[in-house]
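Asker: Okay, handing you the structure first.
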Amino acid sequence: MASTPTALAKPQNGQPCPCGTGKLFDACCGPLLAGTRKAASAEELMRSRFTAHVAHDERYLHFSYQGTARTPYLETTDDLQPVAWTRLVVHSHEAGRTPDSAFVDFSAFFVGDHGAEGALQEKSEFQRINGEWLYTRPVRQGPPPVKSTAPKVGRNDPCPCGSGKKYKQCCLVKA
């Protein structure tokens with residue numbers, strides 16, 4: 001029987017960082033959230049943004065998002081129930097078309113309906129602007145598309161249906 005997922009506690013110095021690196025908070029995301037250090041990579045920024053969600057640090061989220069980074073932060077008094085995040089898994093960190101762009105594919109897990117663990121899967125884009133990494137936008141939400149490993153049938157190949165005709169004269173016409 002599966003156990004009930006446990007929400008991560010607000011990060012504290014001397015405790016493991018919620019981002020999943022295995023480092024202590026004060027040696028990992030703590031300096032980024034405090035503003036004493038900038039993220040060295042898109043993945044590090046993404047991990048610190050997850051930690052900011054766990055810590056309910058809306059100010060850090062505001063200034064690490066390209067859409068709002070250059071605007072003043074106005075504290076809100078929303079009565080929204082914060083998400084109870086449980087863990088983060090980074091699947092990949094890929095360079096973009098330029099050295100100042102990158103993509104991070106991750107799953108962020110949370111306590112969902114009826115105490116079951118849910119997942120937010122996303123591939124996000126990041127840009128380095130004036131030497132500072134910023135979250136730009138989600139590129140894909142949900143799991144990556146499934147790519148077929150079967151070889152493609154060429155127009156002049158025998159039709160896979162077994163008719164003995166070329167594919168272009170058989171099933172390709174029907175498609």
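Chain labels run A, B, ... following the order of the structure tokens; each chain numbers its residues from 1, and ligands are numbered from 1 in the order shown.
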Can you pull out every residue within 12 Å of Val139 in chain A, counting only C-alpha atoms, but drop anything in the same chain fewer than 6 positions away, and send it as a list in words?

Answerer: Ala102, Phe103, Val104, Asp105, Phe106, Gln121, Glu122, Lys123, Ser124, Glu125 and Phe126 of chain A

Asker: Quick one: which range 59-156 of chain A residues come within 9 Å of range 7-31 of chain A, and what is the nearest atom pair for each with the distance in Å to one decimal, counting only C-alpha atoms, rows ordered by chain and ascending number, as a Markdown table?

Answerer:
```
| residue | atom | partner | partner_atom | distance |
| --- | --- | --- | --- | --- |
| A:Val83 | CA | A:Ala7 | CA | 8.8 |
| A:Ala84 | CA | A:Ala7 | CA | 5.1 |
| A:Trp85 | CA | A:Ala7 | CA | 5.3 |
| A:Thr86 | CA | A:Ala7 | CA | 4.6 |
| A:Arg87 | CA | A:Pro18 | CA | 6.9 |
| A:Leu88 | CA | A:Cys19 | CA | 6.0 |
| A:Val89 | CA | A:Gly20 | CA | 7.3 |
| A:Val90 | CA | A:Gly20 | CA | 8.8 |
| A:Phe110 | CA | A:Ala7 | CA | 7.1 |
| A:Val111 | CA | A:Ala7 | CA | 6.6 |
```

Asker: So that I can see what lies close to Asn130 in chain A, please list as a VMD selection string the residues with an atom at most 10 Å from it, counting only C-alpha atoms and leaving out residues fewer than 3 positions away in the same chain.

Answerer: chain A and resid 100 127 133

Asker: Go ahead and dump the residues you just picked, C-alpha atoms, as an mmCIF file, in the first residue's frame.

Answerer:
```cif
data_model
loop_
_atom_site.group_PDB
_atom_site.id
_atom_site.type_symbol
_atom_site.label_atom_id
_atom_site.label_comp_id
_atom_site.auth_asym_id
_atom_site.auth_seq_id
_atom_site.Cartn_x
_atom_site.Cartn_y
_atom_site.Cartn_z
ATOM 1 C CA ASP A 100 22.211 32.580 -23.233
ATOM 2 C CA GLN A 127 17.186 33.183 -20.849
ATOM 3 C CA TRP A 133 19.229 33.708 -15.666
#
```

Asker: Please compute the CA of Ser101 in chain A-CA of Arg128 in chain A distance, one decimal, in Å.

Answerer: 6.2 Å

Asker: Name the residues of chain A that fall into helix (DSSP H, G or I) according to DSSP on the backbone, using the chain letters and numbers of this document, as number ranges by chain.

Answerer: A: 25-27, 30-34, 42-55, 58-63, 113-115, 167-169, 171-174

Asker: Mind dumping the selected residues with N, CA, C and O atoms as a compact mmCIF listing (two decimals), in the first residue's frame?

Answerer:
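Dumped to part-v2.txt:
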```
# COMPACT_ATOMS: atom_id res chain seq x y z
N PHE A 25 20.39 23.68 2.54
CA PHE A 25 19.72 24.87 2.02
C PHE A 25 20.65 26.08 1.98
O PHE A 25 20.69 26.80 0.98
N ASP A 26 21.46 26.28 3.04
CA ASP A 26 22.33 27.45 3.09
C ASP A 26 23.51 27.36 2.12
O ASP A 26 24.16 28.36 1.86
N ALA A 27 23.77 26.18 1.55
CA ALA A 27 24.83 26.02 0.55
C ALA A 27 24.26 25.79 -0.84
O ALA A 27 25.00 25.57 -1.78
N GLY A 30 19.51 28.72 -0.69
CA GLY A 30 19.40 29.80 0.28
C GLY A 30 20.02 31.11 -0.18
O GLY A 30 19.36 32.15 -0.14
N PRO A 31 21.29 31.11 -0.65
CA PRO A 31 21.90 32.35 -1.10
C PRO A 31 21.19 32.98 -2.32
O PRO A 31 21.16 34.20 -2.46
N LEU A 32 20.59 32.15 -3.17
CA LEU A 32 19.85 32.69 -4.31
C LEU A 32 18.59 33.39 -3.84
O LEU A 32 18.29 34.50 -4.28
N LEU A 33 17.84 32.75 -2.93
CA LEU A 33 16.62 33.36 -2.41
C LEU A 33 16.92 34.62 -1.61
O LEU A 33 16.15 35.57 -1.63
N ALA A 34 18.07 34.64 -0.93
CA ALA A 34 18.46 35.81 -0.14
C ALA A 34 19.01 36.94 -1.02
O ALA A 34 19.16 38.06 -0.55
N ALA A 42 20.61 27.62 -15.84
CA ALA A 42 19.14 27.58 -15.90
C ALA A 42 18.60 26.53 -14.92
O ALA A 42 17.59 26.76 -14.26
N GLU A 43 19.28 25.40 -14.81
CA GLU A 43 18.82 24.37 -13.89
C GLU A 43 18.87 24.87 -12.45
O GLU A 43 17.94 24.63 -11.67
N GLU A 44 19.93 25.57 -12.09
CA GLU A 44 20.03 26.09 -10.73
C GLU A 44 18.92 27.10 -10.46
O GLU A 44 18.34 27.11 -9.37
N LEU A 45 18.59 27.94 -11.44
CA LEU A 45 17.49 28.88 -11.26
C LEU A 45 16.17 28.13 -11.10
O LEU A 45 15.35 28.45 -10.23
N MET A 46 15.95 27.10 -11.92
CA MET A 46 14.71 26.34 -11.84
C MET A 46 14.58 25.67 -10.46
O MET A 46 13.52 25.72 -9.84
N ARG A 47 15.68 25.10 -9.96
CA ARG A 47 15.65 24.48 -8.64
C ARG A 47 15.36 25.52 -7.55
O ARG A 47 14.59 25.27 -6.63
N SER A 48 15.95 26.71 -7.69
CA SER A 48 15.71 27.76 -6.68
C SER A 48 14.27 28.26 -6.76
O SER A 48 13.68 28.62 -5.74
N ARG A 49 13.68 28.28 -7.95
CA ARG A 49 12.28 28.69 -8.08
C ARG A 49 11.36 27.65 -7.41
O ARG A 49 10.38 28.01 -6.78
N PHE A 50 11.69 26.36 -7.55
CA PHE A 50 10.92 25.33 -6.84
C PHE A 50 11.02 25.57 -5.33
O PHE A 50 10.01 25.54 -4.62
N THR A 51 12.23 25.82 -4.85
CA THR A 51 12.44 26.08 -3.43
C THR A 51 11.66 27.31 -2.99
O THR A 51 11.08 27.34 -1.91
N ALA A 52 11.62 28.33 -3.84
CA ALA A 52 10.85 29.54 -3.52
C ALA A 52 9.35 29.22 -3.42
O ALA A 52 8.65 29.79 -2.58
N HIS A 53 8.86 28.32 -4.25
CA HIS A 53 7.46 27.89 -4.14
C HIS A 53 7.23 27.20 -2.80
O HIS A 53 6.21 27.45 -2.14
N VAL A 54 8.17 26.34 -2.41
CA VAL A 54 8.05 25.65 -1.11
C VAL A 54 8.05 26.66 0.03
O VAL A 54 7.28 26.55 0.98
N ALA A 55 8.91 27.68 -0.08
CA ALA A 55 9.06 28.70 0.97
C ALA A 55 8.00 29.80 0.88
O ALA A 55 7.95 30.68 1.73
N GLU A 58 7.13 34.71 -2.82
CA GLU A 58 6.59 35.29 -4.05
C GLU A 58 7.50 36.38 -4.61
O GLU A 58 7.56 36.60 -5.82
N ARG A 59 8.22 37.07 -3.76
CA ARG A 59 9.15 38.13 -4.20
C ARG A 59 10.23 37.54 -5.12
O ARG A 59 10.52 38.07 -6.18
N TYR A 60 10.84 36.43 -4.70
CA TYR A 60 11.87 35.78 -5.52
C TYR A 60 11.27 35.30 -6.83
O TYR A 60 11.89 35.46 -7.90
N LEU A 61 10.09 34.71 -6.79
CA LEU A 61 9.44 34.24 -8.01
C LEU A 61 9.17 35.41 -8.96
O LEU A 61 9.35 35.29 -10.17
N HIS A 62 8.78 36.55 -8.43
CA HIS A 62 8.51 37.76 -9.22
C HIS A 62 9.78 38.21 -9.96
O HIS A 62 9.75 38.46 -11.15
N PHE A 63 10.88 38.29 -9.24
CA PHE A 63 12.11 38.83 -9.82
C PHE A 63 12.92 37.81 -10.63
O PHE A 63 13.86 38.18 -11.33
N ASP A 113 -5.45 15.90 -4.64
CA ASP A 113 -6.77 15.55 -4.12
C ASP A 113 -6.72 14.26 -3.31
O ASP A 113 -6.03 13.31 -3.68
N HIS A 114 -7.43 14.25 -2.22
CA HIS A 114 -7.58 13.08 -1.36
C HIS A 114 -6.24 12.57 -0.84
O HIS A 114 -6.09 11.38 -0.57
N GLY A 115 -5.22 13.46 -0.75
CA GLY A 115 -3.93 13.07 -0.20
C GLY A 115 -3.02 12.31 -1.14
O GLY A 115 -1.94 11.88 -0.75
N TYR A 167 4.13 0.57 -51.01
CA TYR A 167 3.35 1.32 -50.02
C TYR A 167 2.59 2.48 -50.67
O TYR A 167 1.42 2.71 -50.37
N LYS A 168 3.22 3.18 -51.64
CA LYS A 168 2.57 4.34 -52.26
C LYS A 168 1.36 3.94 -53.11
O LYS A 168 0.49 4.76 -53.37
N GLN A 169 1.30 2.68 -53.54
CA GLN A 169 0.18 2.23 -54.36
C GLN A 169 -0.85 1.45 -53.55
O GLN A 169 -1.84 0.98 -54.10
N CYS A 171 -1.51 1.24 -49.10
CA CYS A 171 -2.04 1.87 -47.89
C CYS A 171 -1.78 3.36 -47.82
O CYS A 171 -2.51 4.07 -47.12
N LEU A 172 -0.76 3.89 -48.50
CA LEU A 172 -0.52 5.33 -48.48
C LEU A 172 -1.68 6.05 -49.15
O LEU A 172 -2.08 7.13 -48.71
N VAL A 173 -2.24 5.47 -50.18
CA VAL A 173 -3.37 6.07 -50.89
C VAL A 173 -4.59 6.11 -49.98
O VAL A 173 -5.36 7.07 -50.00
N LYS A 174 -4.77 5.11 -49.12
CA LYS A 174 -5.93 5.02 -48.23
C LYS A 174 -5.83 6.00 -47.06
O LYS A 174 -6.81 6.35 -46.47
```

Asker: Which one is closest to Ala40 in chain A: A:Val153, A:Glu132, A:Cys159, A:Ser148? Count only C-alpha atoms.

Answerer: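 Checking each of A:Val153, A:Glu132, A:Cys159, A:Ser148 against Ala40 in chain A, counting only C-alpha atoms, the winner is A:Glu132.
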
Asker: If you measure from CA of His56 in chain A to CA of Pro82 in chain A, what distance in Å do you get, rounded to one decimal?

Answerer: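 So the answer is 7.5 Å.
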
Asker: Just how far from CA of Ala116 in chain A is CA of Ser3 in chain A, in Å to one decimal?

Answerer: 8.9 Å

Asker: Determine which residues of range 40-132 of chain A receive a DSSP assignment of strand (DSSP E), computed from the backbone, and state them as a ChimeraX atom specification.

Answerer: /A:85-95,101-111,117-129,132

Asker: Deliver the residues from the most recent selection as a file, using C-alpha atoms, as a JSON list (two decimals), in the first residue's frame.

Answerer:
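Writing the result to out.json gives the following:
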```json
[["chain", "number", "residue", "atom", "x", "y", "z"],
["A", 85, "TRP", "CA", 5.05, 20.51, -2.73],
["A", 86, "THR", "CA", 6.64, 17.14, -1.96],
["A", 87, "ARG", "CA", 9.67, 16.76, -4.27],
["A", 88, "LEU", "CA", 11.37, 17.76, -7.50],
["A", 89, "VAL", "CA", 12.87, 15.58, -10.23],
["A", 90, "VAL", "CA", 14.92, 17.22, -12.99],
["A", 91, "HIS", "CA", 14.87, 15.07, -16.13],
["A", 92, "SER", "CA", 17.16, 17.14, -18.34],
["A", 93, "HIS", "CA", 18.94, 20.46, -18.75],
["A", 94, "GLU", "CA", 19.62, 21.33, -22.39],
["A", 95, "ALA", "CA", 21.42, 24.21, -24.01],
["A", 101, "SER", "CA", 19.22, 30.25, -23.54],
["A", 102, "ALA", "CA", 18.46, 26.84, -22.05],
["A", 103, "PHE", "CA", 15.65, 24.40, -21.35],
["A", 104, "VAL", "CA", 14.92, 22.37, -18.21],
["A", 105, "ASP", "CA", 12.57, 19.39, -18.23],
["A", 106, "PHE", "CA", 11.26, 18.52, -14.76],
["A", 107, "SER", "CA", 8.49, 17.05, -12.64],
["A", 108, "ALA", "CA", 7.38, 18.85, -9.48],
["A", 109, "PHE", "CA", 5.30, 16.67, -7.17],
["A", 110, "PHE", "CA", 2.63, 17.88, -4.74],
["A", 111, "VAL", "CA", -0.04, 16.61, -2.36],
["A", 117, "GLU", "CA", 0.60, 12.67, -4.94],
["A", 118, "GLY", "CA", 0.15, 14.64, -8.14],
["A", 119, "ALA", "CA", 2.77, 15.84, -10.61],
["A", 120, "LEU", "CA", 3.36, 18.94, -12.65],
["A", 121, "GLN", "CA", 5.49, 17.98, -15.64],
["A", 122, "GLU", "CA", 6.98, 20.81, -17.65],
["A", 123, "LYS", "CA", 9.74, 21.75, -20.03],
["A", 124, "SER", "CA", 10.65, 25.38, -19.35],
["A", 125, "GLU", "CA", 12.68, 27.94, -21.25],
["A", 126, "PHE", "CA", 15.24, 30.17, -19.53],
["A", 127, "GLN", "CA", 17.19, 33.18, -20.85],
["A", 128, "ARG", "CA", 20.33, 34.81, -19.51],
["A", 129, "ILE", "CA", 19.80, 38.57, -19.70],
["A", 132, "GLU", "CA", 21.30, 36.84, -14.98]]
```
